[in-house]
>>> print(open('data.tsv').read())   # TSV, C-alpha atoms and all ligand atoms
chain	number	residue	atom	x	y	z
A	1	MET	CA	-19.45	-18.78	-3.44
A	2	ASN	CA	-16.81	-16.21	-4.30
A	3	ARG	CA	-16.61	-17.54	-7.81
A	4	ARG	CA	-20.37	-17.14	-8.07
A	5	LYS	CA	-20.08	-13.53	-7.03
A	6	PHE	CA	-17.44	-12.84	-9.63
A	7	ILE	CA	-18.98	-14.41	-12.71
A	8	GLY	CA	-22.49	-14.97	-11.40
A	9	GLN	CA	-25.66	-13.40	-12.68
A	10	SER	CA	-24.69	-14.05	-16.26
A	11	GLY	CA	-28.36	-14.31	-17.13
A	12	ALA	CA	-28.88	-10.72	-16.03
A	13	GLY	CA	-25.78	-9.72	-17.96
A	14	LEU	CA	-27.05	-11.37	-21.09
A	15	ALA	CA	-30.38	-9.60	-20.75
A	16	LEU	CA	-28.54	-6.34	-20.25
A	17	GLY	CA	-26.32	-7.00	-23.25
A	18	LEU	CA	-29.30	-7.68	-25.46
A	19	ALA	CA	-31.15	-4.64	-24.14
A	20	GLY	CA	-28.05	-2.64	-24.97
A	21	GLY	CA	-28.33	-3.67	-28.59
A	22	LEU	CA	-25.67	-6.41	-28.51
A	23	THR	CA	-26.24	-9.51	-30.53
A	24	ALA	CA	-26.32	-13.00	-29.11
A	25	GLY	CA	-23.37	-13.82	-31.42
A	26	LEU	CA	-20.85	-12.12	-29.10
A	27	PRO	CA	-18.68	-14.37	-26.94
A	28	ALA	CA	-20.52	-15.29	-23.77
A	29	LEU	CA	-17.79	-13.81	-21.57
A	30	ALA	CA	-18.17	-10.36	-23.03
A	31	GLN	CA	-21.78	-10.28	-21.90
A	32	GLN	CA	-21.45	-11.65	-18.40
A	33	LYS	CA	-22.23	-9.40	-15.54
A	34	MET	CA	-19.30	-9.32	-13.15
A	35	VAL	CA	-19.05	-7.94	-9.67
A	36	LEU	CA	-15.37	-7.53	-8.91
A	37	LYS	CA	-14.68	-8.05	-5.24
A	38	ALA	CA	-12.16	-5.50	-3.91
A	39	THR	CA	-10.61	-5.13	-0.49
A	40	ASP	CA	-8.43	-2.79	1.56
A	41	VAL	CA	-7.35	-2.71	5.20
A	42	HIS	CA	-8.48	0.92	5.43
A	43	PRO	CA	-12.02	2.23	6.04
A	44	LEU	CA	-14.41	3.89	3.61
A	45	GLY	CA	-13.28	7.39	2.71
A	46	TYR	CA	-9.57	6.56	2.97
A	47	PRO	CA	-7.82	7.74	-0.24
A	48	THR	CA	-7.01	4.24	-1.55
A	49	VAL	CA	-10.53	2.96	-0.83
A	50	GLU	CA	-12.14	6.01	-2.37
A	51	ALA	CA	-9.97	5.75	-5.50
A	52	VAL	CA	-10.97	2.11	-6.05
A	53	GLU	CA	-14.64	2.91	-5.51
A	54	ARG	CA	-14.37	5.66	-8.13
A	55	MET	CA	-12.81	3.11	-10.47
A	56	GLY	CA	-15.86	0.93	-9.92
A	57	LYS	CA	-18.21	3.77	-10.86
A	58	LYS	CA	-16.26	4.35	-14.06
A	59	LEU	CA	-16.44	0.66	-14.92
A	60	GLU	CA	-20.19	0.66	-14.38
A	61	THR	CA	-20.65	3.71	-16.57
A	62	ALA	CA	-18.41	2.39	-19.33
A	63	THR	CA	-20.12	-1.01	-19.44
A	64	GLY	CA	-23.72	-0.04	-18.71
A	65	GLY	CA	-23.49	-1.73	-15.33
A	66	ARG	CA	-22.05	-5.02	-16.60
A	67	LEU	CA	-18.78	-4.55	-14.67
A	68	SER	CA	-18.79	-3.17	-11.16
A	69	ILE	CA	-16.70	-3.23	-7.98
A	70	GLN	CA	-17.94	-4.29	-4.57
A	71	MET	CA	-15.62	-2.88	-1.91
A	72	TYR	CA	-14.89	-4.75	1.33
A	73	PRO	CA	-13.03	-2.12	3.37
A	74	ALA	CA	-11.60	-2.01	6.88
A	75	MET	CA	-10.06	-5.49	7.03
A	76	GLN	CA	-13.44	-7.17	6.51
A	77	LEU	CA	-11.60	-9.90	4.60
A	78	GLY	CA	-8.60	-10.03	6.95
A	79	GLY	CA	-5.17	-8.41	7.00
A	80	GLU	CA	-2.91	-7.90	3.99
A	81	LYS	CA	-1.44	-11.40	4.11
A	82	GLU	CA	-4.93	-12.91	3.88
A	83	MET	CA	-5.91	-10.41	1.18
A	84	ILE	CA	-2.97	-11.46	-0.98
A	85	GLU	CA	-3.74	-15.16	-0.48
A	86	GLN	CA	-7.40	-14.68	-1.42
A	87	ALA	CA	-6.47	-12.73	-4.54
A	88	GLN	CA	-4.00	-15.45	-5.51
A	89	VAL	CA	-6.73	-18.09	-5.51
A	90	GLY	CA	-9.35	-15.86	-7.14
A	91	ALA	CA	-11.54	-15.59	-4.02
A	92	LEU	CA	-11.37	-11.83	-4.55
A	93	GLN	CA	-10.32	-9.84	-7.58
A	94	ILE	CA	-8.78	-6.54	-6.46
A	95	ALA	CA	-6.55	-5.98	-3.44
A	96	ARG	CA	-4.90	-2.72	-2.47
A	97	ILE	CA	-1.79	-3.57	-0.51
A	98	SER	CA	1.49	-2.02	0.54
A	99	VAL	CA	4.60	-3.07	-1.36
A	100	GLY	CA	5.90	-4.08	2.09
A	101	PRO	CA	4.31	-7.55	2.21
A	102	MET	CA	4.78	-8.00	-1.56
A	103	GLY	CA	8.59	-7.97	-1.26
A	104	PRO	CA	8.82	-11.51	0.13
A	105	ILE	CA	6.74	-12.69	-2.88
A	106	VAL	CA	8.49	-10.78	-5.68
A	107	ASP	CA	11.99	-9.96	-4.49
A	108	GLU	CA	12.66	-7.16	-6.99
A	109	LEU	CA	9.87	-5.12	-5.42
A	110	ASN	CA	11.92	-5.02	-2.24
A	111	VAL	CA	14.00	-2.21	-3.69
A	112	PHE	CA	11.07	0.11	-2.80
A	113	ASN	CA	11.17	-1.29	0.75
A	114	MET	CA	14.73	-0.20	1.45
A	115	PRO	CA	15.07	2.55	4.08
A	116	PHE	CA	15.66	6.02	2.66
A	117	VAL	CA	15.78	4.70	-0.93
A	118	PHE	CA	13.80	7.73	-2.09
A	119	ARG	CA	14.93	11.29	-1.37
A	120	ASP	CA	11.37	12.32	-0.60
A	121	VAL	CA	7.76	11.57	-1.55
A	122	PRO	CA	7.82	13.56	-4.85
A	123	HIS	CA	10.88	11.50	-5.85
A	124	MET	CA	9.00	8.26	-5.14
A	125	ASN	CA	6.00	9.47	-7.15
A	126	LYS	CA	8.22	10.41	-10.08
A	127	VAL	CA	9.76	6.93	-10.03
A	128	ILE	CA	6.44	5.08	-9.95
A	129	ASP	CA	5.00	7.32	-12.70
A	130	GLY	CA	7.99	6.60	-14.95
A	131	PRO	CA	9.57	3.60	-16.67
A	132	ILE	CA	10.81	2.02	-13.43
A	133	GLY	CA	7.26	2.00	-12.07
A	134	THR	CA	5.97	0.31	-15.22
A	135	GLU	CA	8.79	-2.24	-15.16
A	136	MET	CA	8.11	-3.16	-11.57
A	137	LEU	CA	4.41	-3.68	-12.22
A	138	ASP	CA	5.35	-5.84	-15.22
A	139	LYS	CA	7.75	-7.87	-13.09
A	140	LEU	CA	5.03	-8.52	-10.56
A	141	THR	CA	2.65	-9.59	-13.33
A	142	ALA	CA	5.26	-11.79	-15.02
A	143	SER	CA	6.38	-13.49	-11.82
A	144	PRO	CA	4.80	-16.97	-11.75
A	145	GLN	CA	4.76	-17.12	-7.95
A	146	SER	CA	2.84	-13.84	-7.56
A	147	LYS	CA	-0.33	-15.19	-9.22
A	148	LEU	CA	-1.30	-11.51	-9.48
A	149	VAL	CA	-1.49	-8.79	-12.10
A	150	GLY	CA	-0.07	-5.39	-11.10
A	151	LEU	CA	-2.60	-2.68	-12.01
A	152	CYS	CA	-1.20	0.58	-10.67
A	153	TRP	CA	0.57	2.36	-7.84
A	154	MET	CA	-0.80	4.53	-5.10
A	155	ASP	CA	0.80	7.09	-2.82
A	156	ALA	CA	1.29	6.31	0.87
A	157	GLY	CA	3.57	9.20	1.79
A	158	ALA	CA	6.38	8.57	4.27
A	159	ARG	CA	6.32	6.34	7.35
A	160	SER	CA	7.37	7.74	10.72
A	161	VAL	CA	7.67	6.31	14.21
A	162	TYR	CA	5.06	6.72	16.94
A	163	ASN	CA	4.97	5.28	20.44
A	164	SER	CA	3.25	5.44	23.79
A	165	LYS	CA	6.33	5.83	26.01
A	166	LYS	CA	8.20	9.04	25.24
A	167	PRO	CA	8.91	11.67	22.61
A	168	ILE	CA	11.59	10.50	20.14
A	169	LYS	CA	13.76	13.60	19.94
A	170	SER	CA	16.81	11.89	18.48
A	171	ILE	CA	17.72	8.42	17.25
A	172	ASP	CA	19.02	7.62	20.74
A	173	ASP	CA	15.48	7.73	22.14
A	174	LEU	CA	14.46	4.71	20.04
A	175	LYS	CA	16.76	2.46	22.01
A	176	GLY	CA	15.00	-0.61	23.35
A	177	LEU	CA	11.48	0.39	22.26
A	178	LYS	CA	9.39	-2.46	20.86
A	179	ILE	CA	8.21	-1.18	17.51
A	180	ARG	CA	5.80	-3.06	15.28
A	181	MET	CA	6.93	-3.36	11.65
A	182	MET	CA	5.22	-4.88	8.60
A	183	GLY	CA	5.96	-8.54	7.88
A	184	ASN	CA	9.18	-8.31	5.88
A	185	PRO	CA	12.67	-8.98	7.30
A	186	ILE	CA	13.98	-5.73	5.78
A	187	PHE	CA	11.73	-3.73	8.09
A	188	VAL	CA	12.63	-5.62	11.25
A	189	ASP	CA	16.32	-5.20	10.39
A	190	THR	CA	15.73	-1.52	9.71
A	191	MET	CA	14.16	-0.93	13.11
A	192	ASN	CA	16.89	-2.92	14.84
A	193	ALA	CA	19.54	-0.88	13.01
A	194	LEU	CA	17.84	2.28	14.26
A	195	GLY	CA	18.23	1.02	17.83
A	196	GLY	CA	14.64	-0.12	18.43
A	197	ASN	CA	13.38	-3.64	18.74
A	198	GLY	CA	11.51	-4.46	15.52
A	199	ILE	CA	8.55	-6.82	15.84
A	200	ALA	CA	6.74	-8.12	12.73
A	201	MET	CA	2.95	-8.11	13.09
A	202	GLY	CA	-0.12	-7.72	10.89
A	203	PHE	CA	-1.83	-4.34	10.68
A	204	ASP	CA	-5.01	-6.06	11.85
A	205	GLN	CA	-3.44	-6.88	15.23
A	206	LEU	CA	-1.75	-3.58	15.82
A	207	TYR	CA	-4.34	-1.48	17.63
A	208	ASN	CA	-4.76	-4.11	20.33
A	209	ALA	CA	-1.03	-4.65	20.61
A	210	LEU	CA	-0.52	-0.92	21.15
A	211	GLN	CA	-3.35	-0.72	23.63
A	212	THR	CA	-2.20	-3.67	25.71
A	213	GLY	CA	1.48	-2.74	25.57
A	214	VAL	CA	2.55	-5.82	23.58
A	215	VAL	CA	4.39	-3.22	21.51
A	216	ASP	CA	5.46	0.29	22.54
A	217	GLY	CA	4.90	1.76	19.13
A	218	ALA	CA	4.80	1.37	15.39
A	219	GLU	CA	5.50	3.42	12.31
A	220	ASN	CA	3.24	4.67	9.58
A	221	ASN	CA	2.09	7.63	7.52
A	222	PRO	CA	-0.22	10.27	9.09
A	223	PRO	CA	-3.47	8.95	7.50
A	224	SER	CA	-2.91	5.40	8.83
A	225	TYR	CA	-1.84	6.71	12.25
A	226	GLU	CA	-5.00	8.79	12.38
A	227	SER	CA	-7.61	6.56	10.73
A	228	GLY	CA	-6.44	3.44	12.58
A	229	LYS	CA	-6.93	5.45	15.81
A	230	HIS	CA	-3.39	4.57	16.79
A	231	PHE	CA	-2.84	8.17	17.87
A	232	GLN	CA	-5.28	7.55	20.71
A	233	VAL	CA	-3.02	4.92	22.22
A	234	ALA	CA	0.45	6.09	21.07
A	235	LYS	CA	0.70	9.84	21.39
A	236	TYR	CA	4.29	10.60	20.43
A	237	TYR	CA	4.85	10.95	16.68
A	238	SER	CA	8.29	11.79	15.26
A	239	LEU	CA	8.80	12.45	11.56
A	240	THR	CA	11.61	9.96	10.95
A	241	GLU	CA	10.35	9.31	7.37
A	242	HIS	CA	12.62	6.27	7.20
A	243	LEU	CA	10.45	4.39	4.69
A	244	ILE	CA	8.61	5.75	1.67
A	245	ILE	CA	6.71	2.76	0.36
A	246	PRO	CA	4.23	2.99	-2.47
A	247	GLU	CA	1.01	1.03	-2.37
A	248	ILE	CA	0.00	-1.30	-5.13
A	249	LEU	CA	-3.29	-2.35	-6.65
A	250	VAL	CA	-3.27	-5.97	-7.73
A	251	PHE	CA	-5.76	-8.13	-9.61
A	252	SER	CA	-6.12	-11.86	-9.16
A	253	ARG	CA	-4.39	-13.62	-12.07
A	254	ALA	CA	-6.95	-16.47	-11.94
A	255	SER	CA	-9.79	-13.96	-12.38
A	256	TRP	CA	-7.91	-11.79	-14.89
A	257	ASP	CA	-7.48	-14.68	-17.27
A	258	LYS	CA	-11.25	-15.11	-17.39
A	259	LEU	CA	-11.81	-11.53	-18.59
A	260	SER	CA	-12.11	-10.53	-22.23
A	261	LYS	CA	-9.23	-8.53	-23.69
A	262	ASP	CA	-11.48	-5.47	-23.88
A	263	ASP	CA	-12.40	-5.72	-20.21
A	264	GLN	CA	-8.74	-6.14	-19.28
A	265	ALA	CA	-7.89	-3.01	-21.27
A	266	LEU	CA	-10.72	-1.06	-19.63
A	267	ILE	CA	-9.64	-2.07	-16.13
A	268	ALA	CA	-6.02	-1.19	-16.96
A	269	LYS	CA	-7.13	2.24	-18.20
A	270	VAL	CA	-9.23	3.16	-15.15
A	271	SER	CA	-6.43	1.89	-12.90
A	272	LYS	CA	-3.92	4.25	-14.50
A	273	GLU	CA	-6.34	7.11	-13.91
A	274	ALA	CA	-6.80	5.97	-10.30
A	275	GLN	CA	-3.04	6.32	-9.73
A	276	GLN	CA	-3.27	10.07	-10.32
A	277	GLU	CA	-6.65	10.57	-8.67
A	278	GLN	CA	-5.59	8.79	-5.50
A	279	ARG	CA	-2.56	11.06	-5.21
A	280	LYS	CA	-4.73	14.16	-4.98
A	281	LEU	CA	-6.96	12.48	-2.41
A	282	TRP	CA	-3.84	11.42	-0.53
A	283	MET	CA	-2.39	14.89	-0.23
A	284	GLU	CA	-5.67	16.29	1.07
A	285	ARG	CA	-6.08	13.47	3.57
A	286	GLU	CA	-2.50	13.70	4.80
A	287	ALA	CA	-2.98	17.38	5.69
A	288	GLN	CA	-6.33	16.63	7.36
A	289	SER	CA	-4.87	13.74	9.36
A	290	MET	CA	-2.00	15.88	10.65
A	291	ASP	CA	-4.52	18.45	11.68
A	292	THR	CA	-6.70	15.91	13.47
A	293	VAL	CA	-3.87	14.38	15.46
A	294	LYS	CA	-2.41	17.76	16.41
A	295	LYS	CA	-5.83	18.96	17.56
A	296	ALA	CA	-6.05	15.79	19.67
A	297	GLY	CA	-2.88	16.94	21.46
A	298	ILE	CA	-0.34	14.74	19.70
A	299	GLU	CA	3.20	15.98	19.88
A	300	VAL	CA	4.55	15.83	16.29
A	301	LEU	CA	8.32	16.21	16.28
A	302	SER	CA	10.53	16.82	13.27
A	303	PHE	CA	14.29	16.65	12.80
A	304	THR	CA	17.01	18.91	11.47
A	305	PRO	CA	18.94	17.61	8.42
A	306	ASP	CA	21.85	16.69	10.73
A	307	GLN	CA	19.63	14.69	13.05
A	308	LYS	CA	17.99	13.02	10.05
A	309	LYS	CA	21.40	12.03	8.75
A	310	ARG	CA	21.99	10.00	11.91
A	311	PHE	CA	18.96	7.89	11.03
A	312	GLN	CA	20.19	7.49	7.46
A	313	ASP	CA	23.68	6.52	8.57
A	314	ALA	CA	22.32	4.00	11.07
A	315	VAL	CA	20.62	1.86	8.41
A	316	LYS	CA	23.90	1.12	6.61
A	317	PRO	CA	23.88	-2.50	7.87
A	318	VAL	CA	20.52	-3.00	6.15
A	319	TRP	CA	21.97	-1.73	2.89
A	320	ASP	CA	25.05	-3.93	3.37
A	321	LYS	CA	22.84	-6.96	3.88
A	322	TYR	CA	20.23	-6.46	1.12
A	323	GLY	CA	21.35	-3.56	-1.06
A	324	SER	CA	23.97	-5.04	-3.37
A	325	LYS	CA	21.55	-7.14	-5.43
A	326	TYR	CA	19.50	-4.05	-6.21
A	327	ALA	CA	22.54	-1.81	-6.91
A	328	ALA	CA	21.80	-1.20	-10.62
A	329	LEU	CA	18.15	-0.41	-9.96
A	330	VAL	CA	18.99	1.81	-7.00
A	331	GLN	CA	21.32	3.78	-9.25
A	332	ARG	CA	18.52	4.26	-11.77
A	333	ILE	CA	16.18	5.36	-8.97
A	334	GLN	CA	18.74	7.89	-7.74
A	335	ASP	CA	19.19	9.19	-11.29
A	336	VAL	CA	15.50	10.16	-11.42
A	337	LYS	CA	15.60	13.89	-10.63
A	401	LIG	C1	-0.47	1.40	5.71
A	401	LIG	C2	-0.76	0.77	4.38
A	401	LIG	C3	-1.37	-0.56	4.56
A	401	LIG	C4	-0.57	-1.43	5.52
A	401	LIG	C5	-0.24	-0.71	6.77
A	401	LIG	C6	0.70	-1.51	7.69
A	401	LIG	O1	0.18	2.62	5.50
A	401	LIG	O2	-1.65	1.58	3.66
A	401	LIG	O3	-1.49	-1.14	3.29
A	401	LIG	O4	0.58	-1.84	4.89
A	401	LIG	O5	0.35	0.54	6.49
A	401	LIG	O6	1.49	-0.89	8.36
A	401	LIG	O7	0.59	-2.73	7.72
>>> encode(input="data.tsv", output="structure tokens", more="lines below")
Ligand code: GTR
Amino acid sequence: MNRRKFIGQSGAGLALGLAGGLTAGLPALAQQKMVLKATDVHPLGYPTVEAVERMGKKLETATGGRLSIQMYPAMQLGGEKEMIEQAQVGALQIARISVGPMGPIVDELNVFNMPFVFRDVPHMNKVIDGPIGTEMLDKLTASPQSKLVGLCWMDAGARSVYNSKKPIKSIDDLKGLKIRMMGNPIFVDTMNALGGNGIAMGFDQLYNALQTGVVDGAENNPPSYESGKHFQVAKYYSLTEHLIIPEILVFSRASWDKLSKDDQALIAKVSKEAQQEQRKLWMEREAQSMDTVKKAGIEVLSFTPDQKKRFQDAVKPVWDKYGSKYAALVQRIQDVK
């Protein structure tokens, strides 16, 4: 059924192609109408969702409606693990996911999942816009086990801890709190090194887990904290900014290989544009989300540089365990000024 959605309606596409003045001599593929199925864990209006929908409009305009994107937002197709699996088999074409769950699939990507690897969000954006960003997308595409094509990066700001128990005023306050982390051992180790008790869990299960007290808290950027309504059940938010993880837009390799070279180039082009467009949307949404949660009475705490340094020092065991294999790349990341 999914396959039918992707390359179905070729009759309509052919009619469209002919109406558009194309000759019947063109390869059949170039004339097929394709609805690319895209998904995201976030709801409509979220910066990543909006950016992909805008990509779809551009594709429609550029191809006279032959290529389009159908968005399935808000975890309609499951959590990120399921999204990746469906993209890998070609059951959907475009998935917007965090680099977090991609690390276990393509190990090199894990360098972006290391705590405090970026100085700040502008540093991360400079890295993904530059040669390292391109290399990492190419590595994802070239990796046989990924079964995905890396299209572009998106901004997800910095992740900070929130919980339902007490304000985190210093690293000591994290002690013993059960904090949900994304499914990647680096994150669980990071939370444990910070003194909390890291628990891996899908984003799709998190609201309930917070509400029922299965976990005391989690960590995320302001837009996810706000749009996931987590602030309603975990009202203490402290700007630890321990992880700055870019998001990634991937395309199913199985589906990609069925596209014409021209369509591949067009999708690559609108994806690159989406990388910049999403960033603007992101910055606006981040400010709005902060505003929303503060107006709802959330206590947002920040740290002095000295207090922040305690968090950075505490994750040394994580760097000792995973960091050495990425040493050369980390150096190049640090050299990006
Ligand atoms: C969000 C991110 C999602 C997902 C989620 C999580 O910031 O946009 O892709 O990774 O975090 O915590 O699982």
>>> residues_near_point(input="data.tsv", point="(-11.8, 5.8, 7.9)", cutoff="9 Å", atoms="only C-alpha atoms", output="VMD selection string")
chain A and resid 42 to 46 74 223 to 224 226 to 228
>>> atom_distance(input="data.tsv", atom1="atom CA of A:Met34", atom2="atom CA of A:Met55")
14.3 Å
>>> residues_near_ligand(input="data.tsv", ligand="ligand LIG 401 (chain A)", cutoff="8 Å", atoms="all atoms listed in the file", output="PyMOL selection string")
chain A and resi 40-42+48+80+96-101+156+159+181-183+201-204+219-221+223-224+247
>>> closest_residue(input="data.tsv", among="A:Gln70, A:Thr134, A:Gln32, A:Ser146", to="A:Arg253", atoms="only C-alpha atoms")
A:Ser146
>>> atom_distance(input="data.tsv", atom1="atom CA of A:Lys309", atom2="atom CA of A:Asn113")
18.6 Å
>>> closest_residue(input="data.tsv", among="A:Lys165, A:Lys280, A:Lys235, A:Lys337", to="A:Gly297", atoms="all atoms listed in the file")
A:Lys235
>>> residues_around(input="data.tsv", residues="A:Ile244", least_positions_apart="5", cutoff="7 Å", atoms="all atoms listed in the file", output="ChimeraX atom specification")
/A:118,121,157-159
>>> axis_aligned_box(input="data.tsv", around="stretch 161-174 of chain A", padding_each_side="4 Å", output="lines of an AutoDock Vina configuration file")
center_x = 11.1
center_y = 9.2
center_z = 20.1
size_x = 23.8
size_y = 16.9
size_z = 19.8
>>> residues_near_point(input="data.tsv", point="(-0.5, -10.2, -13.3)", cutoff="12 Å", atoms="all atoms listed in the file", output="ChimeraX atom specification")
/A:87-88,93-94,106,136-152,249-257,264,268
>>> atom_distance(input="data.tsv", atom1="atom CA of A:Leu281", atom2="atom CA of A:Pro47")
5.3 Å
>>> residues_around(input="data.tsv", residues="A:Met114", least_positions_apart="5", cutoff="12 Å", atoms="all atoms listed in the file", output="MDAnalysis selection string")
chainID A and resid 99:100 103 107:109 119 184:191 242:246 312 315:327 329:330 333
>>> closest_residue(input="data.tsv", among="A:Asp313, A:Asp262, A:Asp216, A:Glu273", to="A:Lys58", atoms="all atoms listed in the file")
A:Glu273
>>> closest_residue(input="data.tsv", among="A:Ala200, A:Met124, A:Leu259, A:Ala274", to="A:Lys33", atoms="only C-alpha atoms")
A:Leu259
>>> closest_residue(input="data.tsv", among="A:Ile248, A:Val233, A:Pro131, A:Leu194", to="A:Ile84", atoms="all atoms listed in the file")
A:Ile248
>>> closest_residue(input="data.tsv", among="A:Asn192, A:Lys269, A:Lys178, A:Lys169", to="A:Leu301", atoms="only C-alpha atoms")
A:Lys169
>>> residues_around(input="data.tsv", residues="A:Ala234", least_positions_apart="5", cutoff="7 Å", atoms="only C-alpha atoms", output="MDAnalysis selection string")
chainID A and resid 162:164 217
